[in-house]
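Please read the structure below before turning to the comments.
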Amino acid sequence: MSFIPAPLSRFFHRTASPPHFYALADKLVPWLTVLFLLLLIPGLYGGLVAAPADYQQGDSYRIIYIHVPAAWMSLFIYVLMAVMGGIALVWRMKLAEVMLISSAPIGAGFTFVALVTGSLWGKPMWGTWWVWDARLTSELILLFLYLGVTSLYGAIEDKRSAARAVSILALVGVVNIPIIHYSVEWWNTLHQGPTVSKMDKPSIHISMLIPLLLMAGAFKLYYAIAVLQSAKLELIKREPSAQWVKSLLENKA
Amino acid sequence: MKPHRKQRLMLIGLMLVGIGLAATFALKAFNENLMYFFSTTDVAEGKAPRDALFRLGGMVVKGSVERPGADLLVRFKLSDFSKEVTVEYSGILPDLFREGQGIVAKGRLDSRGVFVAEEVLAKHDENYMPPEVADSLKKAPEAE
């Protein structure tokens, strides 16, 4: 019994087989890189040059073109990791394990960027580098979760059981994601409330919003490129003596 | 779906529900500690601690900022649109400090009921706009 139609399920299994995935990733990466640059260049130009200065913060607000997309990605990647963890636990799919573990350092990087840029902005604007309010603290916990996933995976010798342990950690940690997102609404925080996801009325002028969305798209594509490259490497590391890896190396040589 | 997979899926679902519930209870229990600051209404109703450091947040009341002496001492009123508290602070204010802006001050209440701040942080709001738009918005409420 299955609620997934047979052709779709066959497509899934084919794509999830390491040699197929490897070839697909190889083909996708150049296209993704072109798209990434197409979003990044107008995004950076729009955000840093074309967009007007803010009425209160002046030019300092331009940190949002890095800070906000990085913070969004830090949440997005963690949710993806938890989904991969669920798939890895239920279906024991090797590719899901590989994607999970390849995502963790990238997510940690985005979280780190969000924390550092926020801190650099906080000093002149708030008057402090860091406060222990709910938003900042929960984002810091997210960084530790990412680092925990990577270290736990590294600490267990057998990579299949390591992946199982890491999947559980990723799933447990996902409870932090709504806490981060809603922290600014549930509690009094120094960090301001949401700007873009607020539906009733836009809190950001359209000339400032467009570069922000371009940057958000560019960051997503950057993640896709980075995760595919590192997943390729992880697949080879997992099965160094597999037939497809041998023939791949022979073709390259 | 194969039965053992269905079982694992259910187990994961149960685990997530359990963790979610545990987190909800824990956060509910620590609710007060997770609040970064007290509101001015809390202070007026006596909910804020006496003789202890705490943080007070609110809007700087328009026209209330005064500098009584030649030193850095500045006195202003904070409001959450229902109750007001007078704050005194001696030091350098952050860039975003201005009348009508939200701030968070750390300090304690003295015997006069004045909040003596040791640190003042500006709380930025979630609005971003070019200066021209802000000017036209400022004109609009007066017309309302």
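By order in the structure tokens, chains are A, B, ...; within a chain, residues start at 1; ligands start at 1, following the order shown.
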
Close residues, stretch 84-86 of chain B itself excluded, 7 Å, only C-alpha atoms, min 5 positions apart in chain, as a list in words: Thr40, Phe76, Lys77, Leu78, Ser79, Val114 and Phe115 of chain B

Write out the residues from the selection above, keeping N, CA and C atoms, as a PDB file, in the first residue's frame.
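See part_30.pdb below for the written result:
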```
ATOM      1  N   THR B  40       6.155  50.070  31.748  1.00  0.00           N
ATOM      2  CA  THR B  40       5.941  51.145  32.730  1.00  0.00           C
ATOM      3  C   THR B  40       4.679  50.869  33.560  1.00  0.00           C
ATOM      4  N   PHE B  76      13.957  62.030  31.449  1.00  0.00           N
ATOM      5  CA  PHE B  76      12.855  61.913  30.496  1.00  0.00           C
ATOM      6  C   PHE B  76      11.781  60.993  31.047  1.00  0.00           C
ATOM      7  N   LYS B  77      10.635  61.003  30.401  1.00  0.00           N
ATOM      8  CA  LYS B  77       9.537  60.129  30.814  1.00  0.00           C
ATOM      9  C   LYS B  77       9.403  58.985  29.820  1.00  0.00           C
ATOM     10  N   LEU B  78       9.138  57.792  30.370  1.00  0.00           N
ATOM     11  CA  LEU B  78       8.865  56.621  29.520  1.00  0.00           C
ATOM     12  C   LEU B  78       7.400  56.269  29.654  1.00  0.00           C
ATOM     13  N   SER B  79       6.823  55.794  28.566  1.00  0.00           N
ATOM     14  CA  SER B  79       5.390  55.483  28.607  1.00  0.00           C
ATOM     15  C   SER B  79       5.104  54.242  27.780  1.00  0.00           C
ATOM     16  N   VAL B 114      11.562  57.483  41.056  1.00  0.00           N
ATOM     17  CA  VAL B 114      12.236  57.774  39.783  1.00  0.00           C
ATOM     18  C   VAL B 114      13.141  56.603  39.447  1.00  0.00           C
ATOM     19  N   PHE B 115      13.137  56.189  38.191  1.00  0.00           N
ATOM     20  CA  PHE B 115      13.976  55.074  37.747  1.00  0.00           C
ATOM     21  C   PHE B 115      15.354  55.629  37.398  1.00  0.00           C
TER      22      PHE B 115
END
```

Closest contacts (chain A/chain B, max 6 Å, only C-alpha atoms) as JSON lines:
```
{"residue": "A:Met1", "atom": "CA", "partner": "B:Met1", "partner_atom": "CA", "distance": 5.6}
{"residue": "A:Ser2", "atom": "CA", "partner": "B:Met1", "partner_atom": "CA", "distance": 5.2}
{"residue": "A:Pro52", "atom": "CA", "partner": "B:Pro130", "partner_atom": "CA", "distance": 5.6}
{"residue": "A:Ala53", "atom": "CA", "partner": "B:Pro130", "partner_atom": "CA", "distance": 5.7}
{"residue": "A:Asp54", "atom": "CA", "partner": "B:Pro130", "partner_atom": "CA", "distance": 4.9}
{"residue": "A:Tyr55", "atom": "CA", "partner": "B:Pro131", "partner_atom": "CA", "distance": 4.1}
{"residue": "A:Val90", "atom": "CA", "partner": "B:Arg5", "partner_atom": "CA", "distance": 5.4}
{"residue": "A:Met125", "atom": "CA", "partner": "B:Asp95", "partner_atom": "CA", "distance": 5.6}
{"residue": "A:Trp126", "atom": "CA", "partner": "B:Ala122", "partner_atom": "CA", "distance": 4.5}
{"residue": "A:Gly127", "atom": "CA", "partner": "B:Pro94", "partner_atom": "CA", "distance": 5.0}
{"residue": "A:Asp133", "atom": "CA", "partner": "B:Tyr36", "partner_atom": "CA", "distance": 5.5}
{"residue": "A:Trp187", "atom": "CA", "partner": "B:Met35", "partner_atom": "CA", "distance": 5.3}
{"residue": "A:Asn188", "atom": "CA", "partner": "B:Met35", "partner_atom": "CA", "distance": 5.1}
{"residue": "A:Thr189", "atom": "CA", "partner": "B:Tyr36", "partner_atom": "CA", "distance": 5.3}
{"residue": "A:Leu190", "atom": "CA", "partner": "B:Lys123", "partner_atom": "CA", "distance": 5.6}
{"residue": "A:Gln192", "atom": "CA", "partner": "B:Asp125", "partner_atom": "CA", "distance": 5.3}
{"residue": "A:Gly193", "atom": "CA", "partner": "B:Glu126", "partner_atom": "CA", "distance": 5.7}
{"residue": "A:Thr195", "atom": "CA", "partner": "B:Glu126", "partner_atom": "CA", "distance": 5.3}
{"residue": "A:Ser203", "atom": "CA", "partner": "B:Asn127", "partner_atom": "CA", "distance": 4.6}
{"residue": "A:Ile204", "atom": "CA", "partner": "B:Tyr128", "partner_atom": "CA", "distance": 4.5}
{"residue": "A:His205", "atom": "CA", "partner": "B:Met129", "partner_atom": "CA", "distance": 4.9}
```

DSSP strand (DSSP E) residues within stretch 9-134 of chain B, listed as a ChimeraX atom specification: /B:38-39,54-60,73-79,84-90,102-109,115-123

Could you write out the selected residues, including C-alpha atoms, as a CSV table (one decimal), in the first residue's frame?
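Printed below is result-v1.csv as written:
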```
chain,number,residue,atom,x,y,z
B,38,PHE,CA,9.2,45.4,32.5
B,39,SER,CA,6.7,47.8,31.1
B,54,PHE,CA,15.7,45.5,36.5
B,55,ARG,CA,15.1,46.6,33.0
B,56,LEU,CA,12.4,49.0,32.0
B,57,GLY,CA,11.1,49.4,28.5
B,58,GLY,CA,8.9,52.0,26.8
B,59,MET,CA,8.5,54.9,24.5
B,60,VAL,CA,10.3,58.2,25.3
B,73,LEU,CA,22.5,64.0,33.3
B,74,VAL,CA,19.3,63.6,31.2
B,75,ARG,CA,15.8,63.2,32.5
B,76,PHE,CA,12.9,61.9,30.5
B,77,LYS,CA,9.5,60.1,30.8
B,78,LEU,CA,8.9,56.6,29.5
B,79,SER,CA,5.4,55.5,28.6
B,84,GLU,CA,4.4,57.0,32.7
B,85,VAL,CA,7.6,56.6,34.6
B,86,THR,CA,10.4,59.3,35.0
B,87,VAL,CA,13.9,58.1,34.2
B,88,GLU,CA,17.2,59.7,35.0
B,89,TYR,CA,20.4,58.7,33.2
B,90,SER,CA,23.9,60.1,33.2
B,102,GLY,CA,11.4,52.8,22.2
B,103,ILE,CA,14.2,52.3,24.6
B,104,VAL,CA,15.2,49.8,27.3
B,105,ALA,CA,16.9,51.1,30.4
B,106,LYS,CA,18.6,49.1,33.1
B,107,GLY,CA,18.6,50.5,36.7
B,108,ARG,CA,16.6,50.7,39.9
B,109,LEU,CA,13.8,52.7,41.4
B,115,PHE,CA,14.0,55.1,37.7
B,116,VAL,CA,17.7,55.7,37.9
B,117,ALA,CA,19.3,54.1,34.9
B,118,GLU,CA,22.8,52.7,34.6
B,119,GLU,CA,22.5,51.8,31.0
B,120,VAL,CA,20.2,52.9,28.2
B,121,LEU,CA,19.6,50.8,25.0
B,122,ALA,CA,17.6,52.0,22.0
B,123,LYS,CA,15.0,49.5,20.8
```

Closest of A:Ile177, A:Trp129, A:Pro105, A:Gly118 to A:Tyr153 - atom-to-atom distances counting only C-alpha atoms: A:Pro105

Residues of stretch 74-117 of chain A that have any atom at most 12 Å from an atom of stretch 19-43 of chain A: could you tabulate them with the shortest-distance atom pair and the distance in Å to one decimal, using only C-alpha atoms, ordered by chain and increasing number, as JSON lines?
```
{"residue": "A:Lys94", "atom": "CA", "partner": "A:Phe21", "partner_atom": "CA", "distance": 11.4}
{"residue": "A:Leu95", "atom": "CA", "partner": "A:Phe21", "partner_atom": "CA", "distance": 8.5}
{"residue": "A:Ala96", "atom": "CA", "partner": "A:Phe21", "partner_atom": "CA", "distance": 11.5}
{"residue": "A:Val98", "atom": "CA", "partner": "A:Phe21", "partner_atom": "CA", "distance": 11.2}
{"residue": "A:Met99", "atom": "CA", "partner": "A:Phe21", "partner_atom": "CA", "distance": 11.1}
```
